[in-house]
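Shown below: query_18.cif, with mmCIF, C-alpha atoms.
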```
data_final
loop_
_atom_site.label_atom_id
_atom_site.label_comp_id
_atom_site.auth_asym_id
_atom_site.auth_seq_id
_atom_site.Cartn_x
_atom_site.Cartn_y
_atom_site.Cartn_z
CA MET M 1 0.00 0.00 0.00
CA SER M 2 1.40 3.39 -0.95
CA ARG M 3 1.93 6.12 1.65
CA PRO M 4 0.26 9.56 1.42
CA ASP M 5 3.69 11.14 0.85
CA ASP M 6 4.15 8.99 -2.25
CA HIS M 7 0.85 10.21 -3.62
CA MET M 8 1.80 13.82 -2.90
CA ASP M 9 5.21 13.42 -4.52
CA ARG M 10 3.62 11.81 -7.54
CA PHE M 11 1.08 14.60 -7.77
CA THR M 12 3.59 17.44 -7.43
CA GLU M 13 5.78 15.81 -10.07
CA ALA M 14 2.77 15.51 -12.41
CA TRP M 15 1.87 19.14 -11.63
CA ARG M 16 5.35 20.36 -12.54
CA ARG M 17 5.25 18.46 -15.84
CA TRP M 18 1.74 19.69 -16.61
CA ALA M 19 2.61 23.33 -15.87
CA ALA M 20 5.89 23.19 -17.79
CA ARG M 21 4.31 22.37 -21.16
CA PRO M 22 5.11 25.13 -23.63
CA PRO M 23 2.32 27.68 -24.13
CA LEU M 24 0.23 27.31 -27.29
CA LEU M 25 1.22 30.84 -28.26
CA PRO M 26 5.01 31.20 -28.49
CA ALA M 27 6.59 33.97 -26.41
CA ASP M 28 7.63 36.11 -29.40
CA ALA M 29 4.10 35.97 -30.86
CA ALA M 30 2.58 36.85 -27.49
CA ALA M 31 4.95 39.80 -27.18
CA ARG M 32 3.98 41.02 -30.65
CA GLN M 33 0.27 40.75 -29.84
CA VAL M 34 0.64 42.63 -26.55
CA HIS M 35 2.82 45.24 -28.28
CA CYS M 36 0.18 45.79 -30.99
CA ALA M 37 -2.64 46.04 -28.44
CA ILE M 38 -0.71 48.61 -26.42
CA GLU M 39 0.15 50.69 -29.48
CA VAL M 40 -3.46 50.66 -30.67
CA ARG M 41 -4.68 51.81 -27.27
CA ARG M 42 -2.02 54.48 -27.10
CA LEU M 43 -2.79 55.89 -30.55
CA HIS M 44 -6.56 55.53 -30.26
CA PRO M 45 -7.64 55.99 -26.68
CA ARG M 46 -10.99 54.43 -26.03
CA ARG M 47 -13.60 56.84 -27.42
CA PRO M 48 -16.43 55.81 -25.07
CA THR M 49 -14.37 56.90 -22.08
CA VAL M 50 -13.40 60.24 -23.66
CA LEU M 51 -16.94 60.79 -24.93
CA ALA M 52 -18.51 59.93 -21.58
CA PHE M 53 -16.14 62.33 -19.85
CA ALA M 54 -16.94 65.13 -22.34
CA VAL M 55 -20.70 64.59 -22.00
CA THR M 56 -20.44 64.59 -18.20
CA VAL M 57 -18.50 67.86 -18.23
CA VAL M 58 -21.01 69.53 -20.60
CA LEU M 59 -24.00 68.34 -18.54
CA ALA M 60 -22.41 69.44 -15.28
CA ALA M 61 -21.61 72.88 -16.73
CA THR M 62 -25.16 73.27 -18.12
CA LEU M 63 -26.69 72.26 -14.80
CA ALA M 64 -24.45 74.68 -12.91
CA VAL M 65 -25.42 77.56 -15.23
CA LEU M 66 -29.14 76.71 -14.98
CA LEU M 67 -29.04 76.49 -11.21
CA HIS M 68 -27.17 79.75 -10.99
CA THR M 69 -29.45 81.71 -13.33
CA HIS M 70 -32.75 80.27 -12.08
CA ALA M 71 -32.08 80.28 -8.38
CA PRO M 72 -34.86 82.10 -6.49
CA SER M 73 -33.81 85.20 -4.75
CA PRO M 74 -36.10 87.46 -2.77
CA THR M 75 -34.17 90.51 -3.86
CA THR M 76 -34.30 89.88 -7.63
CA VAL M 77 -37.29 87.63 -8.27
CA ARG M 78 -40.72 88.29 -6.92
CA PRO M 79 -42.80 85.14 -6.80
CA THR M 80 -46.11 85.30 -8.61
CA VAL M 81 -48.89 84.72 -6.17
CA GLY M 82 -52.62 84.84 -6.55
CA SER M 83 -55.04 86.70 -4.35
CA GLY M 84 -55.22 85.39 -0.83
CA VAL M 85 -51.66 83.98 -0.91
CA VAL M 86 -49.00 85.33 1.40
CA VAL M 87 -45.30 84.62 0.88
CA MET M 88 -42.87 84.67 3.75
CA TRP M 89 -39.14 84.13 3.26
CA LEU M 90 -37.70 81.78 5.87
CA ASP M 91 -34.25 82.60 4.56
CA LYS M 92 -32.78 83.97 1.33
CA SER M 93 -33.78 80.94 -0.72
CA THR M 94 -36.76 79.39 1.12
CA PRO M 95 -40.21 80.84 0.48
CA LEU M 96 -43.20 79.79 2.58
CA TYR M 97 -46.55 80.12 0.76
CA MET M 98 -49.63 80.53 2.92
CA ASN M 99 -52.90 80.13 0.97
CA LEU M 100 -55.40 82.09 3.05
CA GLU M 101 -58.03 81.94 0.28
CA ARG M 102 -58.08 78.13 0.40
CA LEU M 103 -58.41 78.16 4.16
CA ARG M 104 -61.34 80.55 3.83
CA LEU M 105 -63.07 78.30 1.23
CA GLU M 106 -62.55 75.22 3.39
CA LYS M 107 -64.37 76.96 6.20
CA GLY M 108 -67.43 77.32 3.95
CA ALA M 109 -67.08 80.72 2.38
CA THR M 110 -68.16 81.20 -1.27
CA PRO M 111 -65.55 82.35 -3.75
CA MET R 1 24.86 41.17 -23.21
CA ASP R 2 21.15 40.84 -22.40
CA THR R 3 19.40 43.93 -21.13
CA SER R 4 18.32 43.51 -17.52
CA ASP R 5 14.68 43.40 -16.46
CA GLY R 6 15.16 46.62 -14.52
CA GLU R 7 16.52 48.44 -17.55
CA LEU R 8 13.66 47.25 -19.74
CA ALA R 9 11.17 48.29 -17.05
CA GLU R 10 12.70 51.78 -16.88
CA ARG R 11 12.48 52.12 -20.66
CA ALA R 12 8.87 50.93 -20.53
CA GLN R 13 8.16 53.57 -17.89
CA ALA R 14 9.58 56.15 -20.28
CA GLY R 15 6.95 55.08 -22.81
CA GLU R 16 8.92 52.59 -24.90
CA THR R 17 6.38 49.93 -25.82
CA ALA R 18 9.03 47.70 -27.41
CA ALA R 19 10.78 47.42 -24.05
CA PHE R 20 7.56 46.28 -22.44
CA ALA R 21 7.10 43.76 -25.26
CA ALA R 22 10.60 42.44 -24.54
CA LEU R 23 9.59 41.91 -20.91
CA VAL R 24 6.47 40.07 -22.08
CA GLU R 25 8.54 37.76 -24.28
CA ARG R 26 10.97 37.07 -21.44
CA HIS R 27 8.33 36.23 -18.81
CA TRP R 28 5.53 34.81 -20.99
CA ALA R 29 6.13 31.09 -20.34
CA ARG R 30 6.43 31.57 -16.58
CA LEU R 31 3.26 33.67 -16.42
CA VAL R 32 1.32 31.14 -18.48
CA ARG R 33 2.46 28.42 -16.07
CA VAL R 34 1.01 30.17 -13.04
CA ALA R 35 -2.16 31.14 -14.95
CA ARG R 36 -2.71 27.50 -15.92
CA SER R 37 -2.62 26.43 -12.31
CA ILE R 38 -5.23 29.04 -11.36
CA VAL R 39 -7.68 29.16 -14.27
CA GLY R 40 -6.81 26.03 -16.25
CA ASP R 41 -5.56 25.53 -19.78
CA ALA R 42 -8.45 27.03 -21.70
CA GLU R 43 -8.32 30.53 -20.25
CA ALA R 44 -4.71 30.86 -19.12
CA GLU R 45 -3.13 32.56 -22.11
CA ASP R 46 -6.00 35.00 -22.62
CA ALA R 47 -5.89 35.93 -18.94
CA VAL R 48 -2.13 36.59 -19.10
CA GLN R 49 -2.50 38.76 -22.20
CA GLU R 50 -5.29 40.78 -20.59
CA ALA R 51 -3.20 41.22 -17.45
CA LEU R 52 -0.21 42.43 -19.46
CA ILE R 53 -2.17 44.84 -21.62
CA SER R 54 -3.82 46.43 -18.59
CA GLY R 55 -0.47 46.28 -16.77
CA TRP R 56 1.13 48.54 -19.38
CA LYS R 57 -0.98 51.44 -18.10
CA LYS R 58 0.29 50.87 -14.57
CA VAL R 59 3.96 50.25 -15.30
CA GLU R 60 4.88 53.86 -14.63
CA ARG R 61 3.72 53.41 -11.03
CA LEU R 62 6.18 50.55 -10.47
CA ARG R 63 8.71 51.77 -7.90
CA ASP R 64 11.31 49.00 -7.86
CA THR R 65 11.99 48.33 -11.54
CA ARG R 66 14.34 45.45 -10.70
CA ALA R 67 11.35 43.59 -9.26
CA VAL R 68 9.37 43.85 -12.49
CA GLY R 69 9.19 40.02 -12.72
CA THR R 70 7.48 39.85 -9.34
CA TRP R 71 5.14 42.64 -10.38
CA LEU R 72 4.22 40.85 -13.63
CA SER R 73 3.44 37.71 -11.60
CA ARG R 74 1.28 39.74 -9.23
CA ILE R 75 -0.83 41.41 -11.93
CA THR R 76 -1.25 38.07 -13.72
CA ILE R 77 -2.32 36.30 -10.54
CA ARG R 78 -4.78 39.09 -9.73
CA ARG R 79 -6.31 38.85 -13.17
CA CYS R 80 -6.59 35.07 -12.90
CA LEU R 81 -8.22 35.30 -9.47
CA ALA R 82 -10.72 37.77 -10.95
CA VAL R 83 -11.46 35.21 -13.69
CA THR R 84 -12.15 32.53 -11.07
CA ARG R 85 -14.44 34.91 -9.16
CA ARG R 86 -16.45 35.64 -12.31
CA ARG R 87 -16.90 31.98 -13.08
CA ARG R 88 -17.49 30.72 -9.50
CA PRO R 89 -21.31 30.51 -9.70
CA GLN R 90 -20.99 28.13 -12.66
CA VAL R 91 -18.98 25.53 -10.72
CA THR R 92 -21.19 22.76 -9.43
CA LEU R 93 -20.65 20.69 -6.31
CA THR R 94 -20.12 17.52 -8.31
CA GLU R 95 -17.35 19.18 -10.29
CA VAL R 96 -15.58 20.04 -7.05
CA ALA R 97 -16.22 16.73 -5.33
CA GLU R 98 -15.18 14.38 -8.11
CA PRO R 99 -11.45 15.01 -8.60
CA HIS R 100 -9.18 12.37 -7.11
CA PHE R 101 -5.79 10.78 -7.45
CA GLU R 102 -5.76 7.67 -9.55
CA PRO R 103 -5.21 4.66 -7.26
CA ASN R 104 -3.06 3.04 -9.93
CA PRO R 105 0.47 4.43 -9.47
CA GLY R 106 1.19 4.01 -13.16
CA ALA R 107 -1.84 5.96 -14.34
CA ALA R 108 -1.60 9.59 -15.42
CA ILE R 109 -2.97 12.13 -12.94
CA ASP R 110 -5.50 14.63 -14.25
CA VAL R 111 -3.76 17.60 -12.62
CA GLN R 112 -6.22 20.21 -13.81
CA ARG R 113 -9.10 18.24 -12.34
CA VAL R 114 -7.39 17.71 -9.00
CA LEU R 115 -6.58 21.44 -8.80
CA THR R 116 -10.27 22.34 -8.97
CA ALA R 117 -10.57 20.87 -5.47
CA LEU R 118 -8.35 23.68 -4.11
CA ALA R 119 -9.45 27.25 -3.46
CA PRO R 120 -7.91 29.67 -6.00
CA ARG R 121 -5.51 31.22 -3.47
CA GLN R 122 -4.42 27.75 -2.33
CA ARG R 123 -3.67 26.93 -5.98
CA VAL R 124 -1.55 30.08 -6.26
CA VAL R 125 0.46 29.38 -3.12
CA MET R 126 0.95 25.72 -4.02
CA HIS R 127 1.97 26.60 -7.58
CA LEU R 128 4.58 29.09 -6.40
CA THR R 129 5.86 26.54 -3.90
CA VAL R 130 5.75 23.32 -5.91
CA VAL R 131 6.24 24.46 -9.49
CA GLU R 132 8.28 27.66 -9.16
CA GLY R 133 10.14 26.60 -6.02
CA LEU R 134 9.79 29.99 -4.29
CA SER R 135 10.42 30.50 -0.58
CA ASP R 136 7.72 31.77 1.78
CA THR R 137 9.34 35.21 1.78
CA GLU R 138 9.34 35.33 -2.02
CA ILE R 139 5.72 34.16 -2.18
CA SER R 140 4.64 36.75 0.36
CA ALA R 141 6.36 39.43 -1.76
CA VAL R 142 4.52 38.29 -4.89
CA LEU R 143 1.13 38.02 -3.20
CA ARG R 144 1.63 40.84 -0.70
CA MET R 145 0.51 38.63 2.15
CA ARG R 146 2.18 37.70 5.42
CA PRO R 147 4.40 34.59 5.41
CA SER R 148 2.11 33.11 8.10
CA THR R 149 -0.85 33.48 5.70
CA VAL R 150 1.17 31.81 2.96
CA ARG R 151 1.89 28.90 5.28
CA ALA R 152 -1.77 28.68 6.29
CA HIS R 153 -2.91 28.50 2.66
CA ARG R 154 -0.31 25.83 1.93
CA ARG R 155 -1.25 23.76 4.99
CA ARG R 156 -4.94 23.80 4.04
CA ALA R 157 -4.09 22.91 0.45
CA ARG R 158 -1.96 19.96 1.55
CA GLU R 159 -4.68 18.75 3.91
CA ARG R 160 -7.21 18.97 1.10
CA LEU R 161 -4.95 17.10 -1.29
CA ALA R 162 -4.24 14.46 1.36
CA ARG R 163 -7.97 13.88 1.82
CA LEU R 164 -8.38 13.43 -1.94
CA ASP R 165 -5.37 11.15 -1.85
CA THR R 166 -6.96 8.77 0.66
CA GLY R 167 -10.28 8.89 -1.13
CA GLY R 168 -12.01 10.91 1.60
CA MET R 169 -14.28 13.43 -0.08
CA PRO R 170 -15.60 16.42 1.81
#
```
Could you quickly redo this structure as structure tokens?
Amino acid sequence: MSRPDDHMDRFTEAWRRWAARPPLLPADAAARQVHCAIEVRRLHPRRPTVLAFAVTVVLAATLAVLLHTHAPSPTTVRPTVGSGVVVMWLDKSTPLYMNLERLRLEKGATP
Amino acid sequence: MDTSDGELAERAQAGETAAFAALVERHWARLVRVARSIVGDAEAEDAVQEALISGWKKVERLRDTRAVGTWLSRITIRRCLAVTRRRRPQVTLTEVAEPHFEPNPGAAIDVQRVLTALAPRQRVVMHLTVVEGLSDTEISAVLRMRPSTVRAHRRRARERLARLDTGGMP
């Protein structure tokens, strides 16, 4: 009966032989392929990445401009309110609308 | 006289793609060997090529250019481990449970099949030990893990192989 060590030795020997087989692709061919792939990537950087970056920058810039130009400001923009609506500014950018007309109608008054 | 690895790595860092290709040619067979042990024959060479192509972008960050061989091993092993993670859900229990040593000492051992019984990191550590003959310190440098962790992986791998050896399946 064989000992476990014999099995292990046999296996490691088989493993070494199995791993040492020459690659299907010879080293010089592999080097050429890697070289070509690197050159292609260097000369033509991946467009999706560049395009995605450009689109992100444009969108971010547009959003920033829109937010800046349309931001409510109590000093420059007066909110349009109907009759019976009172606007109070909690701070420079937070209006509080109080619809007194609606409250009046809910209590049974006629418009 | 042959250009040293360190010199080629420095030229690659300076943007010379031919120098990087020379490194690929020099280390190709060794990298394919380790890849075979981790992902098997079918995917090994593709995995090494992918690792090397993505490695080119990172070569400028390599600090010790003399250790470029170790670095190439590391990026290849990482890529191969990623391949095993992607494919893990496809491995069935029967595939893992079946591999065994042939009881007949004269019969050929299906190495690839036996290796599927080991966890990917155990395969890496065992490969670097058994096939490449590296010391624990060298393996810990390649894998960036503590020597005690290397020893733990190896011990578990040997225990697993010993169980297969005696026919005891998990």
Could you list, as JSON, numbers by chain, every residue within 9 Å of M:Pro22, counting all atoms listed in the file and ignoring same-chain residues fewer than 5 positions away?
{"R": [29, 32, 33]}
Give me, as a PDB file with C-alpha atoms, keeping the file's coordinate frame, the residues of chain R touching chain M, with the criterion being at most 10 Å (counting only C-alpha atoms).
```pdb
ATOM      1  CA  GLY R  15       6.950  55.080 -22.810  1.00  0.00           C
ATOM      2  CA  THR R  17       6.380  49.930 -25.820  1.00  0.00           C
ATOM      3  CA  ALA R  18       9.030  47.700 -27.410  1.00  0.00           C
ATOM      4  CA  ALA R  19      10.780  47.420 -24.050  1.00  0.00           C
ATOM      5  CA  PHE R  20       7.560  46.280 -22.440  1.00  0.00           C
ATOM      6  CA  ALA R  21       7.100  43.760 -25.260  1.00  0.00           C
ATOM      7  CA  ALA R  22      10.600  42.440 -24.540  1.00  0.00           C
ATOM      8  CA  LEU R  23       9.590  41.910 -20.910  1.00  0.00           C
ATOM      9  CA  VAL R  24       6.470  40.070 -22.080  1.00  0.00           C
ATOM     10  CA  GLU R  25       8.540  37.760 -24.280  1.00  0.00           C
ATOM     11  CA  ARG R  26      10.970  37.070 -21.440  1.00  0.00           C
ATOM     12  CA  HIS R  27       8.330  36.230 -18.810  1.00  0.00           C
ATOM     13  CA  TRP R  28       5.530  34.810 -20.990  1.00  0.00           C
ATOM     14  CA  ALA R  29       6.130  31.090 -20.340  1.00  0.00           C
ATOM     15  CA  ARG R  30       6.430  31.570 -16.580  1.00  0.00           C
ATOM     16  CA  LEU R  31       3.260  33.670 -16.420  1.00  0.00           C
ATOM     17  CA  VAL R  32       1.320  31.140 -18.480  1.00  0.00           C
ATOM     18  CA  ARG R  33       2.460  28.420 -16.070  1.00  0.00           C
ATOM     19  CA  VAL R  34       1.010  30.170 -13.040  1.00  0.00           C
ATOM     20  CA  ALA R  35      -2.160  31.140 -14.950  1.00  0.00           C
ATOM     21  CA  ARG R  36      -2.710  27.500 -15.920  1.00  0.00           C
ATOM     22  CA  SER R  37      -2.620  26.430 -12.310  1.00  0.00           C
ATOM     23  CA  GLY R  40      -6.810  26.030 -16.250  1.00  0.00           C
ATOM     24  CA  ASP R  41      -5.560  25.530 -19.780  1.00  0.00           C
ATOM     25  CA  ALA R  44      -4.710  30.860 -19.120  1.00  0.00           C
ATOM     26  CA  GLU R  45      -3.130  32.560 -22.110  1.00  0.00           C
ATOM     27  CA  VAL R  48      -2.130  36.590 -19.100  1.00  0.00           C
ATOM     28  CA  GLN R  49      -2.500  38.760 -22.200  1.00  0.00           C
ATOM     29  CA  GLU R  50      -5.290  40.780 -20.590  1.00  0.00           C
ATOM     30  CA  ALA R  51      -3.200  41.220 -17.450  1.00  0.00           C
ATOM     31  CA  LEU R  52      -0.210  42.430 -19.460  1.00  0.00           C
ATOM     32  CA  ILE R  53      -2.170  44.840 -21.620  1.00  0.00           C
ATOM     33  CA  SER R  54      -3.820  46.430 -18.590  1.00  0.00           C
ATOM     34  CA  GLY R  55      -0.470  46.280 -16.770  1.00  0.00           C
ATOM     35  CA  TRP R  56       1.130  48.540 -19.380  1.00  0.00           C
ATOM     36  CA  LYS R  57      -0.980  51.440 -18.100  1.00  0.00           C
ATOM     37  CA  PHE R 101      -5.790  10.780  -7.450  1.00  0.00           C
ATOM     38  CA  GLU R 102      -5.760   7.670  -9.550  1.00  0.00           C
ATOM     39  CA  PRO R 103      -5.210   4.660  -7.260  1.00  0.00           C
ATOM     40  CA  PRO R 105       0.470   4.430  -9.470  1.00  0.00           C
ATOM     41  CA  GLY R 106       1.190   4.010 -13.160  1.00  0.00           C
ATOM     42  CA  ALA R 108      -1.600   9.590 -15.420  1.00  0.00           C
ATOM     43  CA  ILE R 109      -2.970  12.130 -12.940  1.00  0.00           C
ATOM     44  CA  ASP R 110      -5.500  14.630 -14.250  1.00  0.00           C
ATOM     45  CA  VAL R 111      -3.760  17.600 -12.620  1.00  0.00           C
ATOM     46  CA  GLN R 112      -6.220  20.210 -13.810  1.00  0.00           C
ATOM     47  CA  VAL R 114      -7.390  17.710  -9.000  1.00  0.00           C
ATOM     48  CA  LEU R 115      -6.580  21.440  -8.800  1.00  0.00           C
ATOM     49  CA  MET R 126       0.950  25.720  -4.020  1.00  0.00           C
ATOM     50  CA  HIS R 127       1.970  26.600  -7.580  1.00  0.00           C
ATOM     51  CA  VAL R 130       5.750  23.320  -5.910  1.00  0.00           C
ATOM     52  CA  VAL R 131       6.240  24.460  -9.490  1.00  0.00           C
ATOM     53  CA  GLU R 132       8.280  27.660  -9.160  1.00  0.00           C
ATOM     54  CA  ARG R 158      -1.960  19.960   1.550  1.00  0.00           C
ATOM     55  CA  LEU R 161      -4.950  17.100  -1.290  1.00  0.00           C
ATOM     56  CA  ALA R 162      -4.240  14.460   1.360  1.00  0.00           C
ATOM     57  CA  ARG R 163      -7.970  13.880   1.820  1.00  0.00           C
ATOM     58  CA  LEU R 164      -8.380  13.430  -1.940  1.00  0.00           C
ATOM     59  CA  ASP R 165      -5.370  11.150  -1.850  1.00  0.00           C
ATOM     60  CA  THR R 166      -6.960   8.770   0.660  1.00  0.00           C
TER      61      THR R 166
END
```
Box in all listed atoms of stretch 10-23 of chain M, axis-aligned, with 3 Å more on each side; write out centre and edge lengths in Å to one decimal as lines of an AutoDock Vina configuration file.
```
center_x = 3.5
center_y = 19.7
center_z = -15.8
size_x = 10.8
size_y = 21.9
size_z = 22.7
```
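For the choices R:Ala82, R:Val125, R:Ile38, R:Gly133, the atom-to-atom distance to R:Val150 is smallest for R:Val125 when using all atoms listed in the file.
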